[in-house]
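As structure tokens, the structure follows; a few thoughts come after it.
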Amino acid sequence: MSSVLVVGYDPQAIPGVDAEGLRQALDQELARFGEHGIDAAMTLVVFGETAEPTLVASLTERAWDVVVVGAGIRKTEQLLPLFEQTVNLIRRHAPQAAVAFNTNGGDTLEAARRRLNAPGHPMRSNALRAAR
């Protein structure tokens with residue numbers, strides 16, 4: 001079974017956002033992975049001292065096939081240092097994982113499947129079977 005780690009920005013740390021509603025949407029997206037035979041987990045971080053240890057713990061929990069970095073981390077200019085830190089930690093602590101990027105919380109599965117289905121990816125045949 002393919003495994004995917006989704007790294008996102010904690011909605012509780014975003015001022016003026018319906019954090020509960022956003023978290024429910026993220027959880028629903030995570031549930032879609034199971035419907036497609038993909039084992040997925042999510043880790044949410046905030047910019048600051050806790051980001052690195054949180055990411056390292058999640059990245060080293062198992063050998064992930066794909067790590068999806070959420071748009072909230074990538075698209076927010078003030079979070080550029082967190083985005084760079086995230087990519088470098090993935091390279092260091094999960095070098096076997098392909099890296100994917102979603103455009104929003106609702107297309108995370110599709111982002112992961114792009115990498116799982118990419119030519120040469122070791123889990124490609126399993127991902128294709130699970131998608132049928």
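Quick note on naming: the chains in the structure tokens go A, B, ... in the order shown, residues restart at 1 in each chain, and ligands are numbered from 1 in order of appearance.
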
Check your understanding: range 11-115 of chain A: which residues are alpha helix (DSSP H) by DSSP, as a VMD selection string?
Key -> chain A and resid 19 to 35 51 to 59 71 to 74 80 to 93 108 to 115

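Residues with any atom within 10 Å of range 9-15 of chain A, counting only C-alpha atoms and excluding same-chain neighbours fewer than 3 positions away, are Asp18, Ala19, Glu20, Gly21, Leu22, Arg23, Leu26, Thr43, Leu44, Val45, Val46, Phe47, Ala51, Val69, Gly70, Ala71, Gly72, Ile73, Arg74, Leu79 and Leu82 of chain A.
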
Residue subset to file, keeping N, CA, C and O atoms, as a PDB file, in the first residue's frame:
```
ATOM      1  N   ASP A  18     -11.981  30.384   9.503  1.00  0.00           N
ATOM      2  CA  ASP A  18     -12.802  29.390  10.202  1.00  0.00           C
ATOM      3  C   ASP A  18     -11.955  28.130  10.371  1.00  0.00           C
ATOM      4  O   ASP A  18     -11.989  27.231   9.541  1.00  0.00           O
ATOM      5  N   ALA A  19     -11.152  28.111  11.426  1.00  0.00           N
ATOM      6  CA  ALA A  19     -10.195  27.026  11.645  1.00  0.00           C
ATOM      7  C   ALA A  19     -10.884  25.663  11.743  1.00  0.00           C
ATOM      8  O   ALA A  19     -10.402  24.677  11.190  1.00  0.00           O
ATOM      9  N   GLU A  20     -12.010  25.604  12.428  1.00  0.00           N
ATOM     10  CA  GLU A  20     -12.727  24.341  12.581  1.00  0.00           C
ATOM     11  C   GLU A  20     -13.232  23.836  11.230  1.00  0.00           C
ATOM     12  O   GLU A  20     -13.094  22.657  10.895  1.00  0.00           O
ATOM     13  N   GLY A  21     -13.811  24.730  10.440  1.00  0.00           N
ATOM     14  CA  GLY A  21     -14.307  24.357   9.115  1.00  0.00           C
ATOM     15  C   GLY A  21     -13.180  23.916   8.196  1.00  0.00           C
ATOM     16  O   GLY A  21     -13.308  22.924   7.466  1.00  0.00           O
ATOM     17  N   LEU A  22     -12.075  24.631   8.241  1.00  0.00           N
ATOM     18  CA  LEU A  22     -10.931  24.271   7.411  1.00  0.00           C
ATOM     19  C   LEU A  22     -10.359  22.924   7.843  1.00  0.00           C
ATOM     20  O   LEU A  22     -10.032  22.087   7.004  1.00  0.00           O
ATOM     21  N   ARG A  23     -10.288  22.695   9.134  1.00  0.00           N
ATOM     22  CA  ARG A  23      -9.768  21.406   9.626  1.00  0.00           C
ATOM     23  C   ARG A  23     -10.693  20.268   9.195  1.00  0.00           C
ATOM     24  O   ARG A  23     -10.227  19.190   8.819  1.00  0.00           O
ATOM     25  N   LEU A  26      -9.912  19.502   5.621  1.00  0.00           N
ATOM     26  CA  LEU A  26      -8.643  18.771   5.517  1.00  0.00           C
ATOM     27  C   LEU A  26      -8.824  17.309   5.911  1.00  0.00           C
ATOM     28  O   LEU A  26      -8.284  16.411   5.253  1.00  0.00           O
ATOM     29  N   THR A  43       0.299  16.124   8.995  1.00  0.00           N
ATOM     30  CA  THR A  43       0.922  16.858  10.077  1.00  0.00           C
ATOM     31  C   THR A  43       0.753  18.339   9.793  1.00  0.00           C
ATOM     32  O   THR A  43       0.942  18.786   8.662  1.00  0.00           O
ATOM     33  N   LEU A  44       0.330  19.065  10.805  1.00  0.00           N
ATOM     34  CA  LEU A  44       0.095  20.500  10.681  1.00  0.00           C
ATOM     35  C   LEU A  44       1.140  21.235  11.498  1.00  0.00           C
ATOM     36  O   LEU A  44       1.422  20.860  12.634  1.00  0.00           O
ATOM     37  N   VAL A  45       1.719  22.260  10.905  1.00  0.00           N
ATOM     38  CA  VAL A  45       2.782  22.996  11.572  1.00  0.00           C
ATOM     39  C   VAL A  45       2.443  24.476  11.619  1.00  0.00           C
ATOM     40  O   VAL A  45       1.558  24.948  10.908  1.00  0.00           O
ATOM     41  N   VAL A  46       3.180  25.178  12.466  1.00  0.00           N
ATOM     42  CA  VAL A  46       3.117  26.638  12.518  1.00  0.00           C
ATOM     43  C   VAL A  46       4.539  27.152  12.367  1.00  0.00           C
ATOM     44  O   VAL A  46       5.509  26.443  12.661  1.00  0.00           O
ATOM     45  N   PHE A  47       4.644  28.364  11.884  1.00  0.00           N
ATOM     46  CA  PHE A  47       5.953  28.972  11.702  1.00  0.00           C
ATOM     47  C   PHE A  47       6.542  29.257  13.073  1.00  0.00           C
ATOM     48  O   PHE A  47       5.940  29.926  13.895  1.00  0.00           O
ATOM     49  N   ALA A  51       8.184  23.906  14.409  1.00  0.00           N
ATOM     50  CA  ALA A  51       8.011  23.363  13.054  1.00  0.00           C
ATOM     51  C   ALA A  51       9.005  22.244  12.765  1.00  0.00           C
ATOM     52  O   ALA A  51       8.609  21.159  12.320  1.00  0.00           O
ATOM     53  N   VAL A  69       3.271  18.916   0.123  1.00  0.00           N
ATOM     54  CA  VAL A  69       3.409  20.174   0.853  1.00  0.00           C
ATOM     55  C   VAL A  69       2.232  21.051   0.453  1.00  0.00           C
ATOM     56  O   VAL A  69       2.039  21.363  -0.722  1.00  0.00           O
ATOM     57  N   GLY A  70       1.443  21.436   1.438  1.00  0.00           N
ATOM     58  CA  GLY A  70       0.224  22.185   1.199  1.00  0.00           C
ATOM     59  C   GLY A  70       0.441  23.594   0.696  1.00  0.00           C
ATOM     60  O   GLY A  70       1.453  24.239   0.974  1.00  0.00           O
ATOM     61  N   ALA A  71      -0.553  24.074  -0.041  1.00  0.00           N
ATOM     62  CA  ALA A  71      -0.508  25.405  -0.635  1.00  0.00           C
ATOM     63  C   ALA A  71      -0.413  26.503   0.421  1.00  0.00           C
ATOM     64  O   ALA A  71       0.174  27.552   0.168  1.00  0.00           O
ATOM     65  N   GLY A  72      -0.972  26.269   1.605  1.00  0.00           N
ATOM     66  CA  GLY A  72      -0.906  27.284   2.655  1.00  0.00           C
ATOM     67  C   GLY A  72       0.525  27.617   3.044  1.00  0.00           C
ATOM     68  O   GLY A  72       0.839  28.762   3.377  1.00  0.00           O
ATOM     69  N   ILE A  73       1.400  26.626   2.984  1.00  0.00           N
ATOM     70  CA  ILE A  73       2.821  26.847   3.287  1.00  0.00           C
ATOM     71  C   ILE A  73       3.530  27.462   2.082  1.00  0.00           C
ATOM     72  O   ILE A  73       4.356  28.345   2.219  1.00  0.00           O
ATOM     73  N   ARG A  74       3.186  27.006   0.901  1.00  0.00           N
ATOM     74  CA  ARG A  74       3.883  27.436  -0.312  1.00  0.00           C
ATOM     75  C   ARG A  74       3.473  28.803  -0.819  1.00  0.00           C
ATOM     76  O   ARG A  74       4.277  29.549  -1.355  1.00  0.00           O
ATOM     77  N   LEU A  79       5.604  32.934   4.690  1.00  0.00           N
ATOM     78  CA  LEU A  79       6.003  31.587   5.110  1.00  0.00           C
ATOM     79  C   LEU A  79       7.082  30.982   4.218  1.00  0.00           C
ATOM     80  O   LEU A  79       7.390  29.790   4.333  1.00  0.00           O
ATOM     81  N   LEU A  82       9.553  28.878   6.010  1.00  0.00           N
ATOM     82  CA  LEU A  82       8.984  27.590   6.425  1.00  0.00           C
ATOM     83  C   LEU A  82       8.910  26.633   5.243  1.00  0.00           C
ATOM     84  O   LEU A  82       9.204  25.443   5.377  1.00  0.00           O
TER      85      LEU A  82
END
```

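Residue-level DSSP output for chain A, from the backbone, shows strand (DSSP E or B) at A:Ser2, A:Ser3, A:Val4, A:Leu5, A:Val6, A:Val7, A:Gly8, A:Tyr9, A:Ile38, A:Asp39, A:Ala40, A:Ala41, A:Met42, A:Thr43, A:Leu44, A:Val45, A:Val66, A:Val67, A:Val68, A:Val69, A:Ala98, A:Val99, A:Ala100, A:Phe101.
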
Check your understanding: How many Å separate CA of Leu59 in chain A from CA of Pro119 in chain A?
Key -> 23.6 Å

Mind checking which residues fall within 8 Å of Val67 in chain A, counting only C-alpha atoms, ignoring those fewer than 6 positions away in the same chain, and posting them as a tab-separated table (two decimals) with N, CA and C atoms, in the first residue's frame?
```tsv
chain	number	residue	atom	x	y	z
A	4	VAL	N	1.39	8.26	2.06
A	4	VAL	CA	1.51	9.69	1.77
A	4	VAL	C	1.43	10.47	3.07
A	5	LEU	N	2.36	11.40	3.23
A	5	LEU	CA	2.32	12.35	4.33
A	5	LEU	C	1.93	13.70	3.76
A	6	VAL	N	0.93	14.31	4.34
A	6	VAL	CA	0.47	15.64	3.93
A	6	VAL	C	0.95	16.63	4.99
A	7	VAL	N	1.70	17.63	4.57
A	7	VAL	CA	2.21	18.66	5.48
A	7	VAL	C	1.46	19.95	5.18
A	90	ILE	N	12.46	17.39	4.14
A	90	ILE	CA	12.01	16.22	3.37
A	90	ILE	C	13.23	15.57	2.70
A	97	ALA	N	11.13	9.72	-0.65
A	97	ALA	CA	9.79	10.21	-0.96
A	97	ALA	C	9.80	11.18	-2.15
A	98	ALA	N	8.83	11.01	-3.01
A	98	ALA	CA	8.58	12.03	-4.03
A	98	ALA	C	7.91	13.20	-3.33
A	99	VAL	N	8.09	14.40	-3.87
A	99	VAL	CA	7.49	15.59	-3.29
A	99	VAL	C	6.40	16.08	-4.25
A	100	ALA	N	5.24	16.39	-3.68
A	100	ALA	CA	4.12	16.89	-4.48
A	100	ALA	C	3.59	18.16	-3.83
A	112	ALA	N	-0.89	13.93	-4.81
A	112	ALA	CA	-0.14	12.73	-4.43
A	112	ALA	C	-0.17	11.68	-5.54
```

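Separating CA of Val68 in chain A from CA of Leu30 in chain A is a distance of 11.5 Å.
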
Practice item. Between CA of Gln28 in chain A and CA of Asn88 in chain A, measure the distance and give it in Å to one decimal. Key: 28.0 Å

Point to revise | Best match for closeness to Glu29 in chain A among A:Val66, A:Met42, A:Asn117, A:Phe83, counting only C-alpha atoms | key: A:Met42

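When only C-alpha atoms are used to compute distances to Arg114 in chain A, the closest of the residues A:Leu89, A:Glu49, A:Asp65, A:Gly8 turns out to be A:Asp65.
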